[in-house]
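Chemist: The following file, run-v7.pdb, comprises PDB, C-alpha atoms:
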ATOM      1  CA  MET A   1      37.519  -6.259   0.166
ATOM      2  CA  THR A   2      34.689  -5.905  -2.356
ATOM      3  CA  ALA A   3      31.135  -5.805  -1.038
ATOM      4  CA  ASP A   4      28.883  -8.611  -2.187
ATOM      5  CA  HIS A   5      26.076  -7.178  -4.287
ATOM      6  CA  SER A   6      25.031 -10.432  -5.911
ATOM      7  CA  LEU A   7      21.380 -11.254  -6.439
ATOM      8  CA  PRO A   8      19.110 -12.526  -5.076
ATOM      9  CA  MET A   9      19.463 -10.241  -2.074
ATOM     10  CA  ALA A  10      17.275 -10.126   1.044
ATOM     11  CA  ALA A  11      14.966  -7.109   1.013
ATOM     12  CA  GLU A  12      15.793  -6.499   4.645
ATOM     13  CA  ARG A  13      19.161  -5.104   3.508
ATOM     14  CA  LEU A  14      17.478  -2.618   1.209
ATOM     15  CA  ILE A  15      14.304  -1.272   2.817
ATOM     16  CA  PRO A  16      13.333  -0.022   6.283
ATOM     17  CA  HIS A  17      10.157  -2.115   6.497
ATOM     18  CA  ARG A  18      10.278  -4.898   9.037
ATOM     19  CA  PRO A  19       7.990  -7.846   9.789
ATOM     20  CA  PRO A  20       5.087  -8.104   9.940
ATOM     21  CA  MET A  21       4.821  -5.196   7.477
ATOM     22  CA  ARG A  22       7.787  -6.161   5.328
ATOM     23  CA  LEU A  23       6.101  -8.048   2.524
ATOM     24  CA  VAL A  24       8.909  -8.319  -0.040
ATOM     25  CA  GLU A  25      11.349 -11.123   0.689
ATOM     26  CA  ARG A  26      14.102 -10.552  -1.821
ATOM     27  CA  LEU A  27      15.269  -8.771  -4.914
ATOM     28  CA  ILE A  28      15.906 -11.254  -7.698
ATOM     29  CA  ALA A  29      16.680  -9.040 -10.704
ATOM     30  CA  PHE A  30      17.878  -5.494 -11.294
ATOM     31  CA  GLU A  31      18.689  -3.443 -14.337
ATOM     32  CA  ASP A  32      18.916   0.330 -14.569
ATOM     33  CA  GLY A  33      16.007   1.491 -12.397
ATOM     34  CA  ALA A  34      13.967  -1.635 -12.971
ATOM     35  CA  GLY A  35      13.819  -4.891 -11.125
ATOM     36  CA  GLN A  36      11.888  -7.862  -9.906
ATOM     37  CA  THR A  37      11.135  -8.960  -6.375
ATOM     38  CA  GLU A  38       9.758 -12.105  -4.830
ATOM     39  CA  ALA A  39       7.281 -12.496  -1.989
ATOM     40  CA  CYS A  40       5.440 -15.348  -0.337
ATOM     41  CA  PHE A  41       2.905 -14.513   2.351
ATOM     42  CA  ALA A  42       2.673 -16.757   5.386
ATOM     43  CA  GLU A  43      -0.722 -18.111   6.438
ATOM     44  CA  ASN A  44      -0.542 -15.946   9.553
ATOM     45  CA  SER A  45       0.241 -12.786   7.596
ATOM     46  CA  LEU A  46      -1.604  -9.677   8.746
ATOM     47  CA  LEU A  47      -3.118  -9.463   5.275
ATOM     48  CA  ALA A  48      -4.229 -13.100   4.885
ATOM     49  CA  ASP A  49      -7.779 -14.186   5.671
ATOM     50  CA  ASP A  50      -8.563 -17.413   7.491
ATOM     51  CA  ASP A  51      -8.873 -19.205   4.121
ATOM     52  CA  GLY A  52      -5.464 -17.902   3.054
ATOM     53  CA  ALA A  53      -6.795 -15.321   0.588
ATOM     54  CA  LEU A  54      -4.767 -12.132   0.550
ATOM     55  CA  ASP A  55      -6.449  -8.789   0.879
ATOM     56  CA  PRO A  56      -6.113  -7.051  -2.517
ATOM     57  CA  VAL A  57      -4.443  -4.067  -0.840
ATOM     58  CA  ALA A  58      -1.481  -6.357  -0.141
ATOM     59  CA  LEU A  59      -0.651  -6.182  -3.844
ATOM     60  CA  ILE A  60      -0.432  -2.388  -3.670
ATOM     61  CA  GLU A  61       1.940  -2.569  -0.739
ATOM     62  CA  LEU A  62       3.990  -5.166  -2.615
ATOM     63  CA  ILE A  63       4.464  -2.739  -5.499
ATOM     64  CA  ALA A  64       5.470   0.137  -3.217
ATOM     65  CA  GLN A  65       7.934  -2.051  -1.313
ATOM     66  CA  SER A  66       9.284  -3.512  -4.545
ATOM     67  CA  TYR A  67      10.148  -0.061  -5.851
ATOM     68  CA  ALA A  68      11.773   0.705  -2.499
ATOM     69  CA  THR A  69      13.808  -2.484  -2.813
ATOM     70  CA  VAL A  70      14.967  -1.638  -6.335
ATOM     71  CA  LYS A  71      15.859   1.918  -5.314
ATOM     72  CA  GLY A  72      17.662   0.648  -2.229
ATOM     73  CA  TYR A  73      19.739  -1.717  -4.353
ATOM     74  CA  ASP A  74      20.540   1.031  -6.857
ATOM     75  CA  ASP A  75      21.777   3.191  -3.987
ATOM     76  CA  LEU A  76      23.746   0.322  -2.486
ATOM     77  CA  VAL A  77      25.648  -0.611  -5.636
ATOM     78  CA  ASN A  78      26.388   3.036  -6.370
ATOM     79  CA  GLY A  79      27.756   3.668  -2.892
ATOM     80  CA  ARG A  80      25.035   6.160  -1.992
ATOM     81  CA  PRO A  81      23.194   6.235   1.305
ATOM     82  CA  VAL A  82      19.662   4.966   0.946
ATOM     83  CA  MET A  83      17.346   7.972   1.050
ATOM     84  CA  GLU A  84      14.007   8.198   2.797
ATOM     85  CA  GLY A  85      11.075   7.991   0.417
ATOM     86  CA  PHE A  86       7.307   8.158   0.492
ATOM     87  CA  LEU A  87       4.481   6.855  -1.645
ATOM     88  CA  VAL A  88       2.651   9.974  -2.804
ATOM     89  CA  GLY A  89       0.348   8.735  -5.530
ATOM     90  CA  ILE A  90      -1.278   5.800  -7.296
ATOM     91  CA  ARG A  91      -2.844   5.879 -10.740
ATOM     92  CA  LYS A  92      -4.945   3.325 -12.585
ATOM     93  CA  LEU A  93      -3.899   0.361 -10.516
ATOM     94  CA  ARG A  94      -6.087  -2.606 -11.376
ATOM     95  CA  ILE A  95      -6.468  -5.726  -9.270
ATOM     96  CA  THR A  96      -7.293  -8.469 -11.757
ATOM     97  CA  GLY A  97      -6.660 -11.638  -9.816
ATOM     98  CA  LYS A  98      -6.472 -13.187  -6.387
ATOM     99  CA  ALA A  99      -3.473 -14.335  -4.432
ATOM    100  CA  PHE A 100      -3.167 -16.701  -1.506
ATOM    101  CA  ALA A 101      -0.748 -17.424   1.281
ATOM    102  CA  ASN A 102       2.177 -19.691   0.392
ATOM    103  CA  GLU A 103       2.113 -18.647  -3.266
ATOM    104  CA  ARG A 104       5.167 -17.153  -4.938
ATOM    105  CA  LEU A 105       4.386 -13.647  -6.153
ATOM    106  CA  LEU A 106       6.693 -11.782  -8.496
ATOM    107  CA  THR A 107       6.548  -8.006  -8.742
ATOM    108  CA  THR A 108       8.222  -6.256 -11.648
ATOM    109  CA  VAL A 109       8.781  -2.516 -11.378
ATOM    110  CA  LYS A 110      10.154  -0.104 -13.930
ATOM    111  CA  THR A 111      10.997   3.542 -13.349
ATOM    112  CA  VAL A 112       9.459   5.437 -16.256
ATOM    113  CA  GLY A 113      10.303   8.969 -15.167
ATOM    114  CA  THR A 114      12.069  11.018 -12.529
ATOM    115  CA  PHE A 115      11.754  14.732 -11.814
ATOM    116  CA  GLU A 116      13.118  16.736  -8.879
ATOM    117  CA  GLY A 117      12.997  13.906  -6.391
ATOM    118  CA  PHE A 118       9.815  12.319  -7.722
ATOM    119  CA  ALA A 119       9.796   8.972  -9.487
ATOM    120  CA  VAL A 120       6.991   7.482 -11.545
ATOM    121  CA  VAL A 121       6.942   3.715 -11.578
ATOM    122  CA  GLU A 122       4.972   1.163 -13.540
ATOM    123  CA  ALA A 123       4.529  -2.265 -12.026
ATOM    124  CA  ILE A 124       2.885  -5.628 -12.405
ATOM    125  CA  VAL A 125       2.383  -8.404  -9.895
ATOM    126  CA  THR A 126       2.179 -11.961 -11.204
ATOM    127  CA  ARG A 127       1.214 -15.287  -9.721
ATOM    128  CA  GLY A 128       2.212 -18.353 -11.679
ATOM    129  CA  GLY A 129       2.627 -16.261 -14.820
ATOM    130  CA  GLU A 130      -0.790 -14.606 -14.481
ATOM    131  CA  THR A 131      -0.916 -10.843 -13.957
ATOM    132  CA  ILE A 132      -2.984 -10.150 -10.849
ATOM    133  CA  ALA A 133      -2.271  -6.435 -10.431
ATOM    134  CA  ALA A 134      -0.837  -3.670 -12.580
ATOM    135  CA  GLY A 135      -0.607   0.073 -12.388
ATOM    136  CA  SER A 136       1.417   3.164 -11.776
ATOM    137  CA  MET A 137       2.749   4.834  -8.627
ATOM    138  CA  LYS A 138       4.488   8.073  -7.821
ATOM    139  CA  LEU A 139       7.087   8.211  -5.067
ATOM    140  CA  TRP A 140       8.990  11.083  -3.520
ATOM    141  CA  ILE A 141      12.594  10.451  -2.595
ATOM    142  CA  THR A 142      13.820  12.928  -0.010
ATOM    143  CA  GLU A 143      17.436  13.918   0.569
ATOM    144  CA  LYS A 144      17.311  12.481   4.074
ATOM    145  CA  PRO A 145      19.084   9.154   4.610
ATOM    146  CA  ALA A 146      16.654   6.531   5.814
ATOM    147  CA  GLY A 147      18.798   3.552   6.585
ATOM    148  CA  GLY A 148      16.390   1.779   4.292
ATOM    149  CA  GLY A 149      14.225   2.671   1.305
ATOM    150  CA  SER A 150      10.908   4.121   0.252
ATOM    151  CA  ARG A 151       7.967   4.116   2.599
ATOM    152  CA  GLY A 152       4.530   3.057   1.445
TER     153      GLY A 152
ATOM    154  CA  MET B 153     -11.256 -11.297   8.053
ATOM    155  CA  ASN B 154      -7.537 -10.620   8.256
ATOM    156  CA  ALA B 155      -5.715  -9.185  11.260
ATOM    157  CA  LEU B 156      -5.296  -5.731   9.781
ATOM    158  CA  ALA B 157      -9.002  -5.560   8.972
ATOM    159  CA  LEU B 158      -9.778  -6.477  12.586
ATOM    160  CA  GLY B 159      -7.459  -3.692  13.735
ATOM    161  CA  ILE B 160      -9.253  -1.242  11.464
ATOM    162  CA  LEU B 161     -12.584  -2.236  12.999
ATOM    163  CA  ALA B 162     -11.153  -1.613  16.457
ATOM    164  CA  ALA B 163      -9.931   1.834  15.381
ATOM    165  CA  ALA B 164     -13.360   2.967  14.194
ATOM    166  CA  GLY B 165     -15.301   5.535  16.180
ATOM    167  CA  ASP B 166     -18.973   5.099  16.952
ATOM    168  CA  SER B 167     -20.520   8.019  15.109
ATOM    169  CA  VAL B 168     -21.342   7.678  11.414
ATOM    170  CA  SER B 169     -22.941  10.633   9.695
ATOM    171  CA  VAL B 170     -24.019  11.600   6.192
ATOM    172  CA  ASP B 171     -23.795  15.219   5.065
ATOM    173  CA  ASP B 172     -25.770  17.116   2.447
ATOM    174  CA  GLY B 173     -23.142  16.392  -0.178
ATOM    175  CA  GLY B 174     -23.648  12.669   0.292
ATOM    176  CA  PHE B 175     -20.371  12.128   2.128
ATOM    177  CA  VAL B 176     -20.483   9.404   4.759
ATOM    178  CA  SER B 177     -18.139  10.286   7.637
ATOM    179  CA  ARG B 178     -16.651   8.284  10.481
ATOM    180  CA  PRO B 179     -13.827   9.038  12.897
ATOM    181  CA  TYR B 180     -10.914   6.630  13.293
ATOM    182  CA  CYS B 181      -7.929   6.562  15.606
ATOM    183  CA  PHE B 182      -5.151   3.981  15.341
ATOM    184  CA  ALA B 183      -3.500   3.324  18.686
ATOM    185  CA  PRO B 184       0.273   2.770  18.864
ATOM    186  CA  GLY B 185      -0.391  -0.952  19.321
ATOM    187  CA  PHE B 186      -2.159  -1.287  15.945
ATOM    188  CA  ALA B 187      -0.492  -4.124  14.050
ATOM    189  CA  GLY B 188      -0.057  -2.026  10.893
ATOM    190  CA  PHE B 189       2.481   0.148  12.702
ATOM    191  CA  ASP B 190       4.694  -2.858  13.487
ATOM    192  CA  GLY B 191       7.712  -2.603  11.232
ATOM    193  CA  HIS B 192       6.268   0.382   9.389
ATOM    194  CA  PHE B 193       8.637   1.786  10.472
ATOM    195  CA  PRO B 194      10.799   0.893  13.497
ATOM    196  CA  GLY B 195      11.063   3.985  15.663
ATOM    197  CA  ALA B 196       8.981   6.104  13.281
ATOM    198  CA  PRO B 197       5.570   4.495  12.853
ATOM    199  CA  ILE B 198       3.264   5.824  10.142
ATOM    200  CA  LEU B 199      -0.035   4.430   8.944
ATOM    201  CA  PRO B 200       0.610   2.402   5.776
ATOM    202  CA  ALA B 201      -1.033   3.836   2.674
ATOM    203  CA  VAL B 202      -2.718   0.513   2.059
ATOM    204  CA  VAL B 203      -4.306   0.590   5.504
ATOM    205  CA  GLN B 204      -5.775   3.975   4.621
ATOM    206  CA  ILE B 205      -7.304   2.429   1.487
ATOM    207  CA  GLN B 206      -8.379  -0.683   3.382
ATOM    208  CA  THR B 207     -10.143   1.538   5.927
ATOM    209  CA  VAL B 208     -12.281   3.101   3.210
ATOM    210  CA  VAL B 209     -13.071  -0.327   1.746
ATOM    211  CA  ALA B 210     -14.186  -1.594   5.166
ATOM    212  CA  MET B 211     -16.192   1.524   5.949
ATOM    213  CA  ALA B 212     -17.929   1.481   2.568
ATOM    214  CA  GLY B 213     -18.777  -2.199   2.967
ATOM    215  CA  GLY B 214     -20.174  -1.579   6.431
ATOM    216  CA  HIS B 215     -22.294   1.263   5.133
ATOM    217  CA  ALA B 216     -23.548  -0.771   2.163
ATOM    218  CA  GLY B 217     -24.238  -3.821   4.310
ATOM    219  CA  VAL B 218     -22.278  -5.948   1.814
ATOM    220  CA  PRO B 219     -18.603  -6.905   2.101
ATOM    221  CA  LEU B 220     -16.675  -5.068  -0.615
ATOM    222  CA  ARG B 221     -13.247  -5.595  -2.069
ATOM    223  CA  LEU B 222     -10.898  -3.347  -3.975
ATOM    224  CA  SER B 223     -11.025  -3.732  -7.757
ATOM    225  CA  SER B 224      -8.952  -0.705  -8.745
ATOM    226  CA  VAL B 225      -7.396   2.500  -7.527
ATOM    227  CA  GLU B 226      -8.191   5.038 -10.204
ATOM    228  CA  SER B 227      -6.171   7.671  -8.393
ATOM    229  CA  ALA B 228      -4.759   8.249  -4.937
ATOM    230  CA  LYS B 229      -2.778  11.034  -3.311
ATOM    231  CA  PHE B 230      -0.938  10.743  -0.016
ATOM    232  CA  LEU B 231      -0.163  14.235   1.172
ATOM    233  CA  SER B 232       1.041  13.809   4.748
ATOM    234  CA  PRO B 233       1.919  10.918   7.028
ATOM    235  CA  ILE B 234      -0.596   9.762   9.638
ATOM    236  CA  ARG B 235       0.909   8.824  12.981
ATOM    237  CA  PRO B 236      -0.335   6.768  15.941
ATOM    238  CA  ASP B 237      -3.124   8.276  18.034
ATOM    239  CA  GLU B 238      -3.989  10.945  15.482
ATOM    240  CA  ALA B 239      -7.714  11.630  15.099
ATOM    241  CA  ILE B 240      -8.663  10.861  11.504
ATOM    242  CA  LEU B 241     -11.938  11.712   9.842
ATOM    243  CA  VAL B 242     -12.666   9.318   6.981
ATOM    244  CA  ARG B 243     -15.259  10.487   4.436
ATOM    245  CA  PHE B 244     -16.478   8.909   1.241
ATOM    246  CA  ARG B 245     -19.264   9.329  -1.257
ATOM    247  CA  ILE B 246     -20.287   7.312  -4.260
ATOM    248  CA  CYS B 247     -19.955   9.017  -7.614
ATOM    249  CA  GLU B 248     -19.872   7.896 -11.231
ATOM    250  CA  VAL B 249     -16.761   8.112 -13.368
ATOM    251  CA  GLY B 250     -16.725   6.789 -16.919
ATOM    252  CA  GLY B 251     -19.971   4.966 -16.302
ATOM    253  CA  LYS B 252     -18.586   3.139 -13.261
ATOM    254  CA  PRO B 253     -19.607   3.705  -9.660
ATOM    255  CA  MET B 254     -16.599   4.947  -7.699
ATOM    256  CA  HIS B 255     -15.907   5.664  -4.070
ATOM    257  CA  ASP B 256     -14.452   9.140  -3.706
ATOM    258  CA  ALA B 257     -12.717   9.231  -0.320
ATOM    259  CA  ILE B 258     -10.833  11.766   1.777
ATOM    260  CA  LEU B 259      -8.934  11.263   5.040
ATOM    261  CA  THR B 260      -8.344  14.377   7.116
ATOM    262  CA  VAL B 261      -6.279  14.977  10.248
ATOM    263  CA  ALA B 262      -6.877  18.200  12.179
ATOM    264  CA  GLY B 263      -8.857  19.547   9.251
ATOM    265  CA  LYS B 264      -6.076  18.980   6.725
ATOM    266  CA  THR B 265      -6.324  16.443   3.919
ATOM    267  CA  ALA B 266      -3.876  13.615   4.576
ATOM    268  CA  SER B 267      -4.919  11.480   1.619
ATOM    269  CA  SER B 268      -7.612  11.165  -1.009
ATOM    270  CA  PHE B 269      -8.605   8.322  -3.323
ATOM    271  CA  LEU B 270     -10.927   7.362  -6.100
ATOM    272  CA  LEU B 271     -11.601   3.642  -5.727
ATOM    273  CA  HIS B 272     -13.608   1.088  -7.649
ATOM    274  CA  LEU B 273     -15.050  -1.379  -5.182
ATOM    275  CA  VAL B 274     -17.038  -4.504  -5.978
ATOM    276  CA  PRO B 275     -18.960  -7.022  -3.882
ATOM    277  CA  GLU B 276     -16.603  -9.528  -2.264
ATOM    278  CA  GLU B 277     -17.346 -12.423  -4.621
ATOM    279  CA  SER B 278     -17.705 -10.362  -7.804
ATOM    280  CA  THR B 279     -15.086 -10.763 -10.550
ATOM    281  CA  SER B 280     -15.738  -7.413 -12.323
TER     282      SER B 280
END
Represent the structure contained in this file as structure tokens.
Modeler:
Amino acid sequence: MTADHSLPMAAERLIPHRPPMRLVERLIAFEDGAGQTEACFAENSLLADDDGALDPVALIELIAQSYATVKGYDDLVNGRPVMEGFLVGIRKLRITGKAFANERLLTTVKTVGTFEGFAVVEAIVTRGGETIAAGSMKLWITEKPAGGGSRG
Amino acid sequence: MNALALGILAAAGDSVSVDDGGFVSRPYCFAPGFAGFDGHFPGAPILPAVVQIQTVVAMAGGHAGVPLRLSSVESAKFLSPIRPDEAILVRFRICEVGGKPMHDAILTVAGKTASSFLLHLVPEESTS
């Protein structure tokens, strides 16, 4: 029997994060180290204020988890165990817009380089077509299976 | 204020000091029940990187007497995981980089740097 790897796929299959700290809901696109995820924060999210405004740091976590989701999917479709990973760096990540609970946020990540277990990723987060965060991250993928994906 | 921010407030120690180099310091300790550990990760909790950044934002806002929000992360390094109940010393100072005021922050655990950041923070309602 062939495993079903069709997209969209729930992030829970691909990353070790769990609610309330799992922010990515699902992977909706994937192509060769790049991909797009979808998230929608609930009003009672840990990172939502009383008026529904999301803390800007939520967008950073979204990017880290989105890379983890893409990497987890890449491992899954290639029959590899998902390796443990850690966020080790952020560079020039700008928060240019606000986001609110119940809005659909799309995060696009692209791996721009890999070297001895390290991956450099560029990402943008959009809300209704408007870019609200963009920047670069560095992640370290260990050789230890995680049962999930990268850790932010 | 969101639930994680409330948890960060609860994790803050009482003593705030300023050294000769202009670094403002405050101890923090996140108990195992801190909400940011829930699901991050099951059976192996570590303090999310974004909570580390959020802690500096909150501390800087408290020190300035004005709520601040994150505008950009110019650079950040996460060198070792921070686990529940570890005693963290959070330090920051304001410096200028490229004509912009930045918050230069370092988190240490047992004297070792766990993470460091260069953040651009703005008043809560500012758009810059």
Chemist: At what distance in Å, to one decimal, does atom CA of Ala164 of chain B lie from atom CA of Arg243 of chain B?
Modeler: 12.5 Å
Chemist: For the structure provided, state which residues fall under the ChimeraX specification (/A :<7) & /B, and present them as number ranges by chain.
Modeler: B: 153-156, 188, 190-193, 200-202, 206, 222-231
Chemist: So that I have them on file, write out the residues from the current selection with C-alpha atoms, as a CSV table (one decimal), keeping the file's coordinate frame.
Modeler:
chain,number,residue,atom,x,y,z
B,153,MET,CA,-11.3,-11.3,8.1
B,154,ASN,CA,-7.5,-10.6,8.3
B,155,ALA,CA,-5.7,-9.2,11.3
B,156,LEU,CA,-5.3,-5.7,9.8
B,188,GLY,CA,-0.1,-2.0,10.9
B,190,ASP,CA,4.7,-2.9,13.5
B,191,GLY,CA,7.7,-2.6,11.2
B,192,HIS,CA,6.3,0.4,9.4
B,193,PHE,CA,8.6,1.8,10.5
B,200,PRO,CA,0.6,2.4,5.8
B,201,ALA,CA,-1.0,3.8,2.7
B,202,VAL,CA,-2.7,0.5,2.1
B,206,GLN,CA,-8.4,-0.7,3.4
B,222,LEU,CA,-10.9,-3.3,-4.0
B,223,SER,CA,-11.0,-3.7,-7.8
B,224,SER,CA,-9.0,-0.7,-8.7
B,225,VAL,CA,-7.4,2.5,-7.5
B,226,GLU,CA,-8.2,5.0,-10.2
B,227,SER,CA,-6.2,7.7,-8.4
B,228,ALA,CA,-4.8,8.2,-4.9
B,229,LYS,CA,-2.8,11.0,-3.3
B,230,PHE,CA,-0.9,10.7,0.0
B,231,LEU,CA,-0.2,14.2,1.2
Chemist: Excluding same-chain residues fewer than 2 positions from Ala262 of chain B, what lies within 12 Å of it counting all atoms listed in the file, as a PyMOL selection string?
Modeler: chain B and resi 179+232+234+238-242+259-260+264-266
Chemist: Which distance in Å separates atom CA of Gly128 of chain A and atom CA of Pro8 of chain A, to one decimal?
Modeler: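 Value for the atom CA of Gly128 of chain A-atom CA of Pro8 of chain A distance: 19.1 Å.
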Chemist: Given the file shown, determine the residues that the PyMOL selection byres ((chain B and resi 274) around 6) selects; report them as a list in words.
Modeler: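 Written out, the selection comes to Leu220, Arg221, Leu273 and Pro275 of chain B.
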Chemist: Using only C-alpha atoms, find the one residue out of A:Leu76, A:Ala42, A:Leu23, A:Val70 that sits nearest to Ala3 of chain A.
Modeler: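 Closest residue, counting only C-alpha atoms: A:Leu76.
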Chemist: For this structure, which residues satisfy the selection - the PyMOL selection byres ((chain A and resi 127) around 12) - when it is evaluated on the file as given? I want them as a list in words.
Modeler: Glu38, Ala39, Cys40, Leu59, Thr96, Gly97, Lys98, Ala99, Phe100, Ala101, Asn102, Glu103, Arg104, Leu105, Leu106, Thr107, Thr108, Ile124, Val125, Thr126, Gly128, Gly129, Glu130, Thr131, Ile132 and Ala133 of chain A
Chemist: Quick one, how far is atom CA of Thr207 of chain B from atom CA of Asp171 of chain B?
Modeler: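 That distance, rounded to one decimal, is 19.3 Å.
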Chemist: With all atoms listed in the file as the counted atoms, please give the residues lying no more than 7 Å from Lys110 of chain A, apart from itself and same-chain residues fewer than 2 positions off, as a list in words.
Modeler: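 My reading of the contact set: Gly33, Ala34, Gly35, Thr108, Val112, Val121, Glu122 and Ala123 of chain A.
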Chemist: Counting all atoms listed in the file, note down every residue that has an atom within 12 Å of the point (-13.5, 3.2, 5.6) (file coordinates), as number ranges by chain.
Modeler: B: 157, 160-161, 163-165, 168, 175-181, 202-216, 219-222, 240-245, 255-259, 268-269, 271, 273
Chemist: Which of these residues is nearest to Arg235 of chain B, using only C-alpha atoms: B:Leu158, B:Val218, B:Leu199, B:Met254?
Modeler: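 Ranking B:Leu158, B:Val218, B:Leu199, B:Met254 by distance to Arg235 of chain B, first place goes to B:Leu199.
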Chemist: Box time for segment 106-125 of chain A: axis-aligned, enclosing all its listed atoms, 4 Å extra on each side; report centre and edge lengths in Å to one decimal, as JSON.
Modeler:
{"center_x": 7.8, "center_y": 2.5, "center_z": -11.3, "size_x": 18.7, "size_y": 36.5, "size_z": 17.9}
Chemist: Set the distance at 10 Å and use all atoms listed in the file: which residues neighbour Ser6 of chain A once local chain neighbours fewer than 3 positions away are removed? I'd like the list as a list in words.
Modeler: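 Listed by chain and then number, they are Ala3, Met9, Leu27, Ile28, Ala29 and Val77 of chain A.
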